[in-house]
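File shown: structure34.txt. Contents: compact mmCIF, C-alpha atoms.
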# COMPACT_ATOMS: atom_id res chain seq x y z
CA MET A 1 40.14 23.05 -36.36
CA LYS A 2 43.82 22.75 -35.37
CA PHE A 3 46.11 25.40 -33.94
CA SER A 4 47.65 26.98 -37.05
CA THR A 5 44.31 27.06 -38.84
CA LYS A 6 42.74 28.82 -35.85
CA ALA A 7 45.61 31.31 -35.71
CA ILE A 8 45.15 32.24 -39.36
CA HIS A 9 41.38 32.09 -39.79
CA THR A 10 39.52 32.54 -36.48
CA GLY A 11 38.56 36.20 -36.02
CA GLN A 12 40.15 37.06 -39.36
CA LYS A 13 37.33 36.96 -41.88
CA PRO A 14 37.81 39.06 -45.03
CA ASP A 15 36.23 42.51 -45.01
CA LYS A 16 32.58 42.22 -46.08
CA GLU A 17 32.44 45.53 -47.95
CA THR A 18 35.66 45.30 -49.98
CA GLY A 19 36.73 41.67 -49.83
CA ALA A 20 40.10 42.66 -48.34
CA ILE A 21 41.74 39.46 -47.10
CA ILE A 22 43.05 41.32 -44.03
CA PRO A 23 40.44 43.14 -41.92
CA PRO A 24 41.05 46.92 -41.82
CA ILE A 25 42.29 48.93 -38.87
CA TYR A 26 39.35 50.72 -37.27
CA MET A 27 41.18 53.85 -36.14
CA THR A 28 38.19 55.58 -34.64
CA SER A 29 37.47 56.86 -31.16
CA THR A 30 33.68 56.93 -31.46
CA TYR A 31 30.79 55.55 -33.53
CA VAL A 32 27.68 57.17 -35.01
CA GLN A 33 24.47 56.05 -33.31
CA GLU A 34 21.09 55.74 -35.04
CA ALA A 35 19.37 56.97 -31.87
CA PRO A 36 20.50 57.35 -28.25
CA ALA A 37 21.98 54.00 -27.14
CA GLN A 38 21.11 52.44 -30.51
CA HIS A 39 24.29 51.44 -32.32
CA LYS A 40 25.91 48.57 -34.20
CA GLY A 41 27.67 47.03 -31.22
CA TYR A 42 30.21 49.77 -30.53
CA ASP A 43 29.87 53.21 -28.98
CA TYR A 44 33.39 54.22 -27.88
CA THR A 45 36.72 52.51 -28.51
CA ARG A 46 37.70 52.52 -24.85
CA ALA A 47 34.83 50.04 -24.43
CA GLY A 48 35.21 48.13 -27.69
CA ASN A 49 36.41 48.13 -31.28
CA PRO A 50 36.09 45.67 -34.20
CA ASN A 51 39.84 45.00 -34.05
CA PHE A 52 39.45 44.06 -30.38
CA THR A 53 36.64 41.68 -31.29
CA ASN A 54 38.72 40.04 -34.00
CA ILE A 55 41.81 39.31 -31.94
CA GLU A 56 39.76 38.28 -28.91
CA ALA A 57 38.09 35.59 -31.01
CA THR A 58 41.50 34.36 -32.18
CA LEU A 59 43.13 34.29 -28.75
CA ALA A 60 40.14 32.67 -27.05
CA ALA A 61 40.19 29.92 -29.69
CA LEU A 62 43.93 29.31 -29.28
CA GLU A 63 43.53 28.88 -25.51
CA ASP A 64 40.42 26.70 -25.94
CA GLY A 65 38.48 29.41 -24.10
CA LYS A 66 35.11 31.05 -24.70
CA PHE A 67 35.97 34.69 -23.94
CA ALA A 68 38.95 37.04 -24.17
CA THR A 69 39.50 40.68 -23.23
CA VAL A 70 42.45 42.58 -24.70
CA PHE A 71 44.32 45.24 -22.76
CA SER A 72 46.98 47.87 -23.31
CA SER A 73 49.72 45.58 -21.92
CA GLY A 74 50.23 42.46 -19.87
CA LEU A 75 50.26 44.64 -16.75
CA GLY A 76 47.05 46.22 -18.03
CA GLY A 77 45.54 42.74 -18.11
CA LEU A 78 46.74 42.06 -14.57
CA SER A 79 45.29 45.41 -13.48
CA GLY A 80 41.97 44.36 -14.96
CA ILE A 81 42.09 41.13 -12.96
CA LEU A 82 43.05 42.92 -9.74
CA SER A 83 40.23 45.43 -10.24
CA MET A 84 37.81 42.59 -9.48
CA LEU A 85 39.18 42.35 -5.92
CA LYS A 86 38.22 44.46 -2.91
CA ALA A 87 40.15 45.94 -0.01
CA GLY A 88 41.24 43.22 2.39
CA ASP A 89 41.53 40.53 -0.28
CA THR A 90 44.82 38.65 -0.51
CA ILE A 91 46.64 37.64 -3.68
CA VAL A 92 48.68 34.48 -3.35
CA GLY A 93 51.51 34.60 -5.84
CA THR A 94 54.41 32.56 -7.17
CA ALA A 95 57.60 33.47 -5.29
CA ASP A 96 59.58 33.69 -8.53
CA MET A 97 57.43 36.38 -10.14
CA TYR A 98 58.06 38.83 -12.98
CA GLY A 99 59.30 42.09 -11.49
CA GLY A 100 56.60 44.19 -13.16
CA SER A 101 53.83 42.06 -11.65
CA TYR A 102 55.51 42.24 -8.25
CA ARG A 103 55.80 46.03 -8.52
CA LEU A 104 52.18 46.47 -9.58
CA ILE A 105 50.85 44.43 -6.67
CA ASN A 106 53.26 45.56 -3.96
CA ARG A 107 53.65 49.23 -4.82
CA ILE A 108 50.31 50.18 -6.37
CA PHE A 109 47.46 47.88 -5.35
CA ILE A 110 48.77 47.50 -1.82
CA ASN A 111 47.79 51.15 -1.33
CA TYR A 112 44.16 50.17 -1.89
CA GLY A 113 44.10 47.41 0.68
CA ILE A 114 45.01 44.49 -1.59
CA LEU A 115 47.38 42.19 0.29
CA PHE A 116 50.05 39.91 -1.17
CA LYS A 117 51.45 36.60 0.03
CA SER A 118 54.36 34.98 -1.78
CA ILE A 119 54.60 31.20 -1.61
CA ASN A 120 56.48 28.30 -3.16
CA THR A 121 53.87 27.04 -5.59
CA GLN A 122 55.96 23.92 -6.24
CA ASN A 123 55.02 22.81 -2.71
CA LEU A 124 51.40 21.62 -2.84
CA GLN A 125 51.12 21.35 0.95
CA GLU A 126 52.09 25.02 1.28
CA VAL A 127 49.63 25.90 -1.49
CA GLU A 128 46.74 24.11 0.18
CA ALA A 129 47.51 25.62 3.59
CA VAL A 130 47.25 29.12 2.11
CA LEU A 131 44.16 28.36 0.02
CA LYS A 132 42.35 27.22 3.16
CA GLU A 133 42.56 30.86 4.28
CA LYS A 134 40.34 31.82 1.30
CA PRO A 135 42.47 34.44 -0.47
CA GLY A 136 40.98 36.53 -3.29
CA LEU A 137 42.92 34.65 -5.95
CA ILE A 138 46.02 32.58 -6.61
CA PHE A 139 48.31 33.87 -9.33
CA LEU A 140 50.72 31.46 -10.99
CA GLU A 141 53.52 31.92 -13.48
CA THR A 142 54.61 28.67 -15.05
CA PRO A 143 57.27 28.63 -16.36
CA THR A 144 58.33 31.47 -14.10
CA ASN A 145 60.32 34.53 -15.08
CA PRO A 146 63.32 34.19 -14.97
CA LEU A 147 64.10 30.94 -13.11
CA LEU A 148 61.72 28.83 -15.23
CA LYS A 149 60.21 26.98 -12.30
CA ILE A 150 57.18 24.83 -13.09
CA SER A 151 54.01 24.66 -11.01
CA ASP A 152 51.51 21.81 -11.31
CA ILE A 153 48.59 23.72 -12.80
CA LYS A 154 46.08 20.87 -12.63
CA ALA A 155 46.80 20.06 -8.99
CA ILE A 156 46.82 23.69 -7.85
CA THR A 157 43.66 24.72 -9.70
CA ALA A 158 41.88 21.67 -8.28
CA LEU A 159 42.82 22.85 -4.80
CA ALA A 160 41.72 26.39 -5.67
CA GLY A 161 38.35 25.06 -6.84
CA LYS A 162 38.01 23.01 -3.65
CA TYR A 163 38.34 26.15 -1.52
CA GLY A 164 36.44 28.51 -3.85
CA VAL A 165 39.49 30.58 -4.85
CA LEU A 166 39.92 32.07 -8.31
CA SER A 167 43.00 30.86 -10.17
CA VAL A 168 45.01 32.84 -12.73
CA VAL A 169 47.92 31.51 -14.81
CA ASP A 170 50.35 33.82 -16.58
CA ASN A 171 51.00 31.78 -19.72
CA THR A 172 53.26 34.32 -21.44
CA PHE A 173 56.38 32.15 -21.52
CA ALA A 174 54.69 28.95 -22.69
CA THR A 175 52.14 30.55 -25.08
CA PRO A 176 48.93 28.72 -26.05
CA TYR A 177 50.99 26.75 -28.56
CA PHE A 178 52.76 24.84 -25.80
CA GLN A 179 50.32 25.03 -22.85
CA ASN A 180 46.59 25.61 -22.22
CA PRO A 181 45.90 26.34 -18.53
CA LEU A 182 42.11 26.57 -18.98
CA ASN A 183 42.12 22.91 -19.97
CA LEU A 184 43.98 22.18 -16.73
CA GLY A 185 41.39 23.94 -14.57
CA ALA A 186 42.45 27.60 -14.43
CA ASP A 187 39.74 30.28 -14.23
CA MET A 188 41.78 32.83 -16.18
CA VAL A 189 44.83 32.89 -18.42
CA LEU A 190 46.94 36.03 -18.72
CA HIS A 191 49.34 36.88 -21.55
CA SER A 192 51.60 39.76 -22.30
CA THR A 193 50.94 39.69 -26.04
CA THR A 194 53.96 41.97 -26.35
CA LYS A 195 56.07 38.83 -26.17
CA PHE A 196 55.75 35.64 -28.25
CA ILE A 197 52.17 36.26 -29.39
CA GLY A 198 53.05 39.56 -31.09
CA GLY A 199 56.44 38.13 -31.81
CA HIS A 200 58.15 41.02 -33.59
CA SER A 201 59.12 43.45 -30.79
CA ASP A 202 56.94 46.17 -32.30
CA VAL A 203 53.78 46.19 -30.19
CA ILE A 204 52.73 46.21 -26.53
CA GLY A 205 49.55 44.45 -25.46
CA GLY A 206 47.88 42.02 -23.08
CA VAL A 207 44.94 39.65 -22.90
CA VAL A 208 42.96 37.71 -20.31
CA ILE A 209 41.07 34.60 -21.43
CA THR A 210 38.35 32.75 -19.51
CA ASN A 211 35.40 30.40 -19.87
CA ASN A 212 33.37 32.35 -17.29
CA ALA A 213 30.90 34.89 -18.73
CA ASP A 214 30.71 36.80 -15.42
CA ILE A 215 34.50 37.21 -15.34
CA LYS A 216 34.45 38.36 -18.97
CA GLU A 217 31.87 41.03 -18.11
CA LYS A 218 33.99 42.27 -15.18
CA LEU A 219 37.16 42.37 -17.27
CA ASP A 220 35.43 44.35 -20.02
CA PHE A 221 34.10 46.77 -17.42
CA GLY A 222 37.53 47.17 -15.83
CA ARG A 223 39.12 47.89 -19.19
CA MET A 224 36.50 50.53 -20.01
CA ALA A 225 36.28 52.11 -16.55
CA ILE A 226 40.01 52.34 -15.84
CA GLY A 227 41.05 53.09 -19.42
CA LEU A 228 43.15 49.97 -19.98
CA ASN A 229 42.30 49.63 -23.67
CA PRO A 230 44.91 49.12 -26.39
CA SER A 231 45.13 51.02 -29.66
CA PRO A 232 43.28 49.46 -32.62
CA PHE A 233 46.54 49.62 -34.57
CA ASP A 234 48.44 47.73 -31.85
CA VAL A 235 45.74 45.07 -31.80
CA TRP A 236 45.87 44.81 -35.60
CA LEU A 237 49.63 44.27 -35.40
CA GLY A 238 49.01 41.57 -32.80
CA SER A 239 46.58 39.80 -35.13
CA ARG A 240 49.23 39.86 -37.83
CA GLY A 241 51.81 38.35 -35.51
CA ILE A 242 49.54 35.54 -34.33
CA LYS A 243 49.29 34.09 -37.83
CA THR A 244 52.87 32.79 -37.62
CA LEU A 245 52.80 31.87 -33.92
CA ALA A 246 52.96 28.10 -34.47
CA VAL A 247 55.93 28.10 -36.83
CA ARG A 248 57.77 30.66 -34.71
CA MET A 249 57.26 28.72 -31.48
CA GLU A 250 58.56 25.54 -33.07
CA ARG A 251 61.80 27.32 -34.00
CA HIS A 252 62.07 29.14 -30.65
CA GLY A 253 61.73 25.81 -28.86
CA GLU A 254 64.22 23.98 -31.07
CA ASN A 255 66.85 26.71 -30.74
CA ALA A 256 66.37 27.09 -26.99
CA LEU A 257 66.71 23.37 -26.32
CA ALA A 258 69.85 23.17 -28.44
CA LEU A 259 71.34 26.19 -26.63
CA ALA A 260 70.47 24.76 -23.20
CA ARG A 261 72.14 21.45 -24.08
CA PHE A 262 75.23 23.30 -25.31
CA LEU A 263 75.51 25.55 -22.26
CA VAL A 264 74.95 22.81 -19.68
CA LYS A 265 78.20 21.18 -20.87
CA HIS A 266 80.21 24.41 -21.13
CA PRO A 267 83.08 24.77 -18.62
CA LYS A 268 82.26 28.44 -18.02
CA VAL A 269 78.66 27.73 -16.99
CA LYS A 270 77.59 27.00 -13.41
CA LYS A 271 73.92 26.24 -14.00
CA VAL A 272 71.33 26.20 -16.76
CA TYR A 273 67.60 26.69 -16.17
CA TYR A 274 65.40 25.19 -18.90
CA PRO A 275 62.40 22.89 -18.31
CA GLY A 276 63.21 20.90 -21.45
CA LEU A 277 66.36 19.51 -19.81
CA GLU A 278 65.91 16.22 -17.97
CA SER A 279 68.05 17.69 -15.19
CA HIS A 280 65.42 20.38 -14.52
CA PRO A 281 63.81 19.61 -11.12
CA HIS A 282 60.28 19.99 -12.54
CA HIS A 283 60.90 18.39 -15.93
CA ASP A 284 58.34 15.62 -15.37
CA ILE A 285 55.54 18.08 -14.52
CA ALA A 286 56.51 20.23 -17.50
CA ARG A 287 56.24 17.22 -19.80
CA GLN A 288 52.77 16.43 -18.43
CA GLN A 289 51.27 19.88 -18.96
CA MET A 290 53.34 21.32 -21.83
CA ARG A 291 53.73 20.22 -25.44
CA GLY A 292 57.11 21.98 -25.74
CA PHE A 293 59.33 24.14 -23.56
CA SER A 294 59.41 27.49 -25.37
CA GLY A 295 62.28 29.88 -26.06
CA ILE A 296 63.67 31.16 -22.74
CA VAL A 297 66.90 29.86 -21.22
CA SER A 298 68.39 31.28 -18.00
CA VAL A 299 72.04 30.76 -17.12
CA GLU A 300 74.53 31.38 -14.34
CA PHE A 301 78.01 31.76 -15.81
CA ASP A 302 81.20 31.09 -13.89
CA PHE A 303 82.22 34.74 -13.99
CA ASN A 304 82.11 37.53 -11.44
CA LEU A 305 79.42 40.18 -11.83
CA GLU A 306 81.68 42.60 -13.71
CA ASP A 307 82.69 39.97 -16.27
CA THR A 308 79.10 38.74 -16.60
CA LYS A 309 78.04 42.25 -17.57
CA LYS A 310 80.92 42.48 -20.03
CA LEU A 311 79.91 39.15 -21.51
CA ILE A 312 76.31 40.11 -22.21
CA SER A 313 77.42 43.43 -23.66
CA ASN A 314 79.66 41.72 -26.24
CA PHE A 315 77.18 39.58 -28.15
CA LYS A 316 76.55 40.26 -31.83
CA TYR A 317 73.18 38.59 -32.30
CA PHE A 318 71.83 38.51 -28.73
CA SER A 319 70.84 42.15 -28.23
CA LEU A 320 71.03 43.42 -24.65
CA ALA A 321 67.48 44.61 -24.05
CA GLU A 322 64.38 44.29 -21.91
CA SER A 323 61.50 42.07 -23.02
CA LEU A 324 61.49 38.72 -24.79
CA GLY A 325 59.67 36.61 -27.33
CA GLY A 326 60.61 38.44 -30.53
CA VAL A 327 61.98 36.78 -33.63
CA GLU A 328 65.39 38.26 -32.78
CA SER A 329 67.42 36.93 -29.85
CA LEU A 330 67.71 39.07 -26.72
CA VAL A 331 69.71 38.83 -23.51
CA ASP A 332 68.74 40.35 -20.17
CA HIS A 333 70.35 40.77 -16.75
CA PRO A 334 67.30 40.34 -14.48
CA ALA A 335 68.82 41.69 -11.26
CA SER A 336 69.57 45.08 -12.82
CA MET A 337 66.89 45.17 -15.50
CA THR A 338 63.55 43.31 -15.52
CA HIS A 339 63.57 42.36 -11.82
CA ALA A 340 65.35 45.35 -10.32
CA SER A 341 62.10 46.39 -8.57
CA ILE A 342 62.31 43.30 -6.34
CA PRO A 343 64.52 43.96 -3.27
CA LYS A 344 67.92 42.25 -3.45
CA ALA A 345 67.30 40.15 -0.33
CA GLU A 346 64.04 38.82 -1.76
CA ARG A 347 65.69 38.11 -5.12
CA GLU A 348 68.45 36.12 -3.49
CA GLU A 349 66.00 34.24 -1.27
CA ILE A 350 64.26 32.79 -4.33
CA GLY A 351 67.53 32.06 -6.12
CA LEU A 352 67.65 35.05 -8.45
CA THR A 353 71.33 35.93 -8.15
CA ASP A 354 73.21 38.92 -9.52
CA GLY A 355 74.99 36.55 -11.90
CA LEU A 356 71.85 35.20 -13.57
CA VAL A 357 71.44 35.89 -17.30
CA ARG A 358 68.21 35.33 -19.24
CA PHE A 359 68.29 34.51 -22.95
CA SER A 360 65.25 34.97 -25.18
CA VAL A 361 66.29 32.65 -27.98
CA GLY A 362 65.10 33.87 -31.35
CA ILE A 363 64.51 32.11 -34.65
CA GLU A 364 67.90 32.82 -36.25
CA ASP A 365 70.08 29.96 -37.50
CA TYR A 366 71.14 28.11 -34.36
CA GLU A 367 74.82 27.80 -35.33
CA ASP A 368 75.14 31.59 -35.46
CA LEU A 369 73.67 31.92 -31.96
CA GLN A 370 76.03 29.34 -30.47
CA ASN A 371 79.00 30.95 -32.21
CA ASP A 372 77.94 34.31 -30.82
CA ILE A 373 78.08 33.03 -27.25
CA GLU A 374 81.42 31.31 -27.86
CA GLN A 375 83.05 34.45 -29.27
CA ALA A 376 81.81 36.59 -26.35
CA ILE A 377 83.16 34.11 -23.82
CA ALA A 378 86.48 33.99 -25.67
CA LEU A 379 86.86 37.77 -25.29
CA LEU A 380 87.01 37.32 -21.47
CA LYS A 381 89.84 34.80 -21.50

So that I can check it, write out the structure of this file as structure tokens.
Amino acid sequence: MKFSTKAIHTGQKPDKETGAIIPPIYMTSTYVQEAPAQHKGYDYTRAGNPNFTNIEATLAALEDGKFATVFSSGLGGLSGILSMLKAGDTIVGTADMYGGSYRLINRIFINYGILFKSINTQNLQEVEAVLKEKPGLIFLETPTNPLLKISDIKAITALAGKYGVLSVVDNTFATPYFQNPLNLGADMVLHSTTKFIGGHSDVIGGVVITNNADIKEKLDFGRMAIGLNPSPFDVWLGSRGIKTLAVRMERHGENALALARFLVKHPKVKKVYYPGLESHPHHDIARQQMRGFSGIVSVEFDFNLEDTKKLISNFKYFSLAESLGGVESLVDHPASMTHASIPKAEREEIGLTDGLVRFSVGIEDYEDLQNDIEQAIALLK
């Protein structure tokens, strides 16, 4: 079964009782039991729900995995992963990390004895040196948010396996349509399903996918014990969004590549970050492990900070907003928005400047998006 067929049919069987083509929303908190501890697979929605089961089957299939656990958000999924660690364990993480993940690790879990070490995961010698110290896990984003750096998943997960270290890949930007980290050796794949998987900017959710039954059991326990479960309605919306994931990702990728090629030649642009460009320093690795380059383009314009902020406030179709991955185009200023929780000195050390702008390129007609950027630039002349 190929990708689009999985997205539409796996975990989405018609309702047995009514024949409804779309499974119903099971908006229930609890379930009647025939006798104490004798039930039909569900006892309390914090621990499980038929809508959870449905979408987990779909997402596991799309990532070529055996098991999935859905969470209330991407950060909920990361919390579930971190709950498997113990005090004194170290997380090795990508230097260019999403600000929310950084905040969760360095301002919450650090209080419980979980340590964090940031490294350049593009440097395999540095990766191996740290893995020799036997950290609790290595956490990769690839492509990273927002600089779109690429890490060699296959090489790094092989090193992690060599030293007995769990490996996690945040695959939110690439989506399972363009990249499958489990097939490259990862132990777990994390998604914020809020983004491309949901795809319509109307739901928040997360998922962790694995081939390891023991990890699946621990993730399910963490979700139940900490209360990291999503709403059945949110999960149902996610299932709806997944059905069009393939066609949406094709358009996101086409539009983003066209925009990157336009901007890289523009006189008012200093630098464009997009792994689909041959000029990207990790383009060859991206081509090896990705089937496409997704819908995020980051740009440094040749404007001062004040004019950069004016620019991104003057678009018509690129809405200035947090998040990404919806059908509509969005623009974000990472330093003051999504990555503001990372100290300025650390941001600048990894190359995340105050002038960086991140575009989430939607599925609108490309010509309208290019014209939108041109008219906003023209207003600053």

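CA of Glu128 (chain A) lies 13.2 Å from CA of Lys154 (chain A).
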
Exercise for review: List every protein, DNA or RNA residue that has an atom no more than 12 Å from (44.7, 27.0, 1.2) in the file's coordinate frame, counting all atoms listed in the file, and report them as a PyMOL selection string.
Suggested key: chain A and resi 90-92+117+119+121+123-138+156-166

Could the residues in this selection be written to a file with C-alpha atoms, as a CSV table (one decimal), in the coordinates of the input?
chain,number,residue,atom,x,y,z
A,90,THR,CA,44.8,38.6,-0.5
A,91,ILE,CA,46.6,37.6,-3.7
A,92,VAL,CA,48.7,34.5,-3.4
A,117,LYS,CA,51.4,36.6,0.0
A,119,ILE,CA,54.6,31.2,-1.6
A,121,THR,CA,53.9,27.0,-5.6
A,123,ASN,CA,55.0,22.8,-2.7
A,124,LEU,CA,51.4,21.6,-2.8
A,125,GLN,CA,51.1,21.4,1.0
A,126,GLU,CA,52.1,25.0,1.3
A,127,VAL,CA,49.6,25.9,-1.5
A,128,GLU,CA,46.7,24.1,0.2
A,129,ALA,CA,47.5,25.6,3.6
A,130,VAL,CA,47.2,29.1,2.1
A,131,LEU,CA,44.2,28.4,0.0
A,132,LYS,CA,42.4,27.2,3.2
A,133,GLU,CA,42.6,30.9,4.3
A,134,LYS,CA,40.3,31.8,1.3
A,135,PRO,CA,42.5,34.4,-0.5
A,136,GLY,CA,41.0,36.5,-3.3
A,137,LEU,CA,42.9,34.6,-6.0
A,138,ILE,CA,46.0,32.6,-6.6
A,156,ILE,CA,46.8,23.7,-7.8
A,157,THR,CA,43.7,24.7,-9.7
A,158,ALA,CA,41.9,21.7,-8.3
A,159,LEU,CA,42.8,22.8,-4.8
A,160,ALA,CA,41.7,26.4,-5.7
A,161,GLY,CA,38.4,25.1,-6.8
A,162,LYS,CA,38.0,23.0,-3.6
A,163,TYR,CA,38.3,26.2,-1.5
A,164,GLY,CA,36.4,28.5,-3.8
A,165,VAL,CA,39.5,30.6,-4.8
A,166,LEU,CA,39.9,32.1,-8.3

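Protein and nucleic acid residues near (58.8, 28.3, -12.5) are Thr94, Ala95, Asp96, Met97, Thr121, Gln122, Leu140, Glu141, Thr142, Pro143, Thr144, Asn145, Pro146, Leu147, Leu148, Lys149, Ile150, Ser151, Pro275 and His282 of chain A, the criterion being any atom at most 9 Å away using all atoms listed in the file.
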
Study note, to complete from the structure: One decimal place gives the CA of Ser118 (chain A)-CA of Asp152 (chain A) separation as 16.5 Å

Determine, for each residue of region 240-302 of chain A having at least one atom at most 12 Å from an atom of region 55-73 of chain A, the closest pair of atoms and their separation in Å to one decimal, counting only C-alpha atoms; order by chain and ascending number, as JSON lines.
{"residue": "A:Arg240", "atom": "CA", "partner": "A:Ile55", "partner_atom": "CA", "distance": 9.5}
{"residue": "A:Gly241", "atom": "CA", "partner": "A:Ile55", "partner_atom": "CA", "distance": 10.7}
{"residue": "A:Ile242", "atom": "CA", "partner": "A:Thr58", "partner_atom": "CA", "distance": 8.4}
{"residue": "A:Lys243", "atom": "CA", "partner": "A:Thr58", "partner_atom": "CA", "distance": 9.6}
{"residue": "A:Leu245", "atom": "CA", "partner": "A:Leu62", "partner_atom": "CA", "distance": 10.3}
{"residue": "A:Ala246", "atom": "CA", "partner": "A:Leu62", "partner_atom": "CA", "distance": 10.5}

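Excluding Arg291 (chain A) itself and any same-chain residue fewer than 2 positions from it, the protein and nucleic acid residues within 9 Å of it, counting all atoms listed in the file, are Tyr177, Phe178, Gln179, Ala286, Arg287, Gln288, Gln289 and Phe293 of chain A.
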
Revision key, fill the gap. Between CA of Leu277 (chain A) and CA of Leu263 (chain A) lies a distance of 11.2 Å

Point to revise | Which residue of A:Asn314, A:Phe173, A:Gly206, A:Glu217 approaches Val361 (chain A) most closely, using all atoms listed in the file | key: A:Phe173

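With distances taken over all atoms listed in the file, A:Ile81 is the one residue among A:Ile81, A:Ala174, A:Val247, A:Ala376 lying closest to Ile215 (chain A).
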
For Val264 (chain A), find every residue with an atom within 10 Å (counting all atoms listed in the file), except residues of its own chain fewer than 4 positions away, and show them as a CSV table (one decimal) with C-alpha atoms, keeping the file's coordinate frame.
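Saved as part.csv:
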chain,number,residue,atom,x,y,z
A,259,LEU,CA,71.3,26.2,-26.6
A,260,ALA,CA,70.5,24.8,-23.2
A,268,LYS,CA,82.3,28.4,-18.0
A,269,VAL,CA,78.7,27.7,-17.0
A,270,LYS,CA,77.6,27.0,-13.4
A,271,LYS,CA,73.9,26.2,-14.0
A,272,VAL,CA,71.3,26.2,-16.8
A,273,TYR,CA,67.6,26.7,-16.2
A,274,TYR,CA,65.4,25.2,-18.9
A,277,LEU,CA,66.4,19.5,-19.8
A,279,SER,CA,68.0,17.7,-15.2
A,299,VAL,CA,72.0,30.8,-17.1

**Study point:** Within 6 Å of Ile114 (chain A) using all atoms listed in the file, minus same-chain residues under 2 positions, as an NGL selection string
**Key:** :A and (87-90 or 109-110 or 112)

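With distances restricted to all atoms listed in the file, A:Gly292 is the closest residue to Met249 (chain A) from A:Gly292, A:Gly41, A:Pro232, A:Gly227.
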
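Closest approach to Phe233 (chain A) among A:Ile8, A:Val203, A:Asp187, A:Phe303: A:Val203, based on only C-alpha atoms.
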
So which residues touch Val357 (chain A) within 9 Å, counting all atoms listed in the file, skipping near sequence neighbours fewer than 2 positions away, as a PDB file with C-alpha atoms, in the coordinates of the input?
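Below is the file that was written, around.pdb:
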ATOM      1  CA  PRO A 146      63.320  34.190 -14.970  1.00  0.00           C
ATOM      2  CA  VAL A 297      66.900  29.860 -21.220  1.00  0.00           C
ATOM      3  CA  SER A 298      68.390  31.280 -18.000  1.00  0.00           C
ATOM      4  CA  VAL A 299      72.040  30.760 -17.120  1.00  0.00           C
ATOM      5  CA  GLU A 300      74.530  31.380 -14.340  1.00  0.00           C
ATOM      6  CA  PHE A 301      78.010  31.760 -15.810  1.00  0.00           C
ATOM      7  CA  THR A 308      79.100  38.740 -16.600  1.00  0.00           C
ATOM      8  CA  ILE A 312      76.310  40.110 -22.210  1.00  0.00           C
ATOM      9  CA  VAL A 331      69.710  38.830 -23.510  1.00  0.00           C
ATOM     10  CA  ASP A 332      68.740  40.350 -20.170  1.00  0.00           C
ATOM     11  CA  HIS A 333      70.350  40.770 -16.750  1.00  0.00           C
ATOM     12  CA  PRO A 334      67.300  40.340 -14.480  1.00  0.00           C
ATOM     13  CA  ALA A 335      68.820  41.690 -11.260  1.00  0.00           C
ATOM     14  CA  ASP A 354      73.210  38.920  -9.520  1.00  0.00           C
ATOM     15  CA  GLY A 355      74.990  36.550 -11.900  1.00  0.00           C
ATOM     16  CA  PHE A 359      68.290  34.510 -22.950  1.00  0.00           C
TER      17      PHE A 359
END

Can you tell me, as lines of an AutoDock Vina configuration file, the centre and edge lengths (Å, one decimal) of the axis-aligned box enclosing all of region 160-173 of chain A's listed atoms after padding each side by 5 Å?
center_x = 46.4
center_y = 28.7
center_z = -11.5
size_x = 29.9
size_y = 21.3
size_z = 30.0

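Distance check against Gln12 (chain A) using only C-alpha atoms: of A:Gly113, A:Trp236, A:His39, A:Thr175, the minimum falls on A:Trp236.
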
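The smallest atom-to-atom distance between Asp220 (chain A) and any of A:Arg347, A:His283, A:Arg46, A:Lys13, using all atoms listed in the file, is found for A:Arg46.
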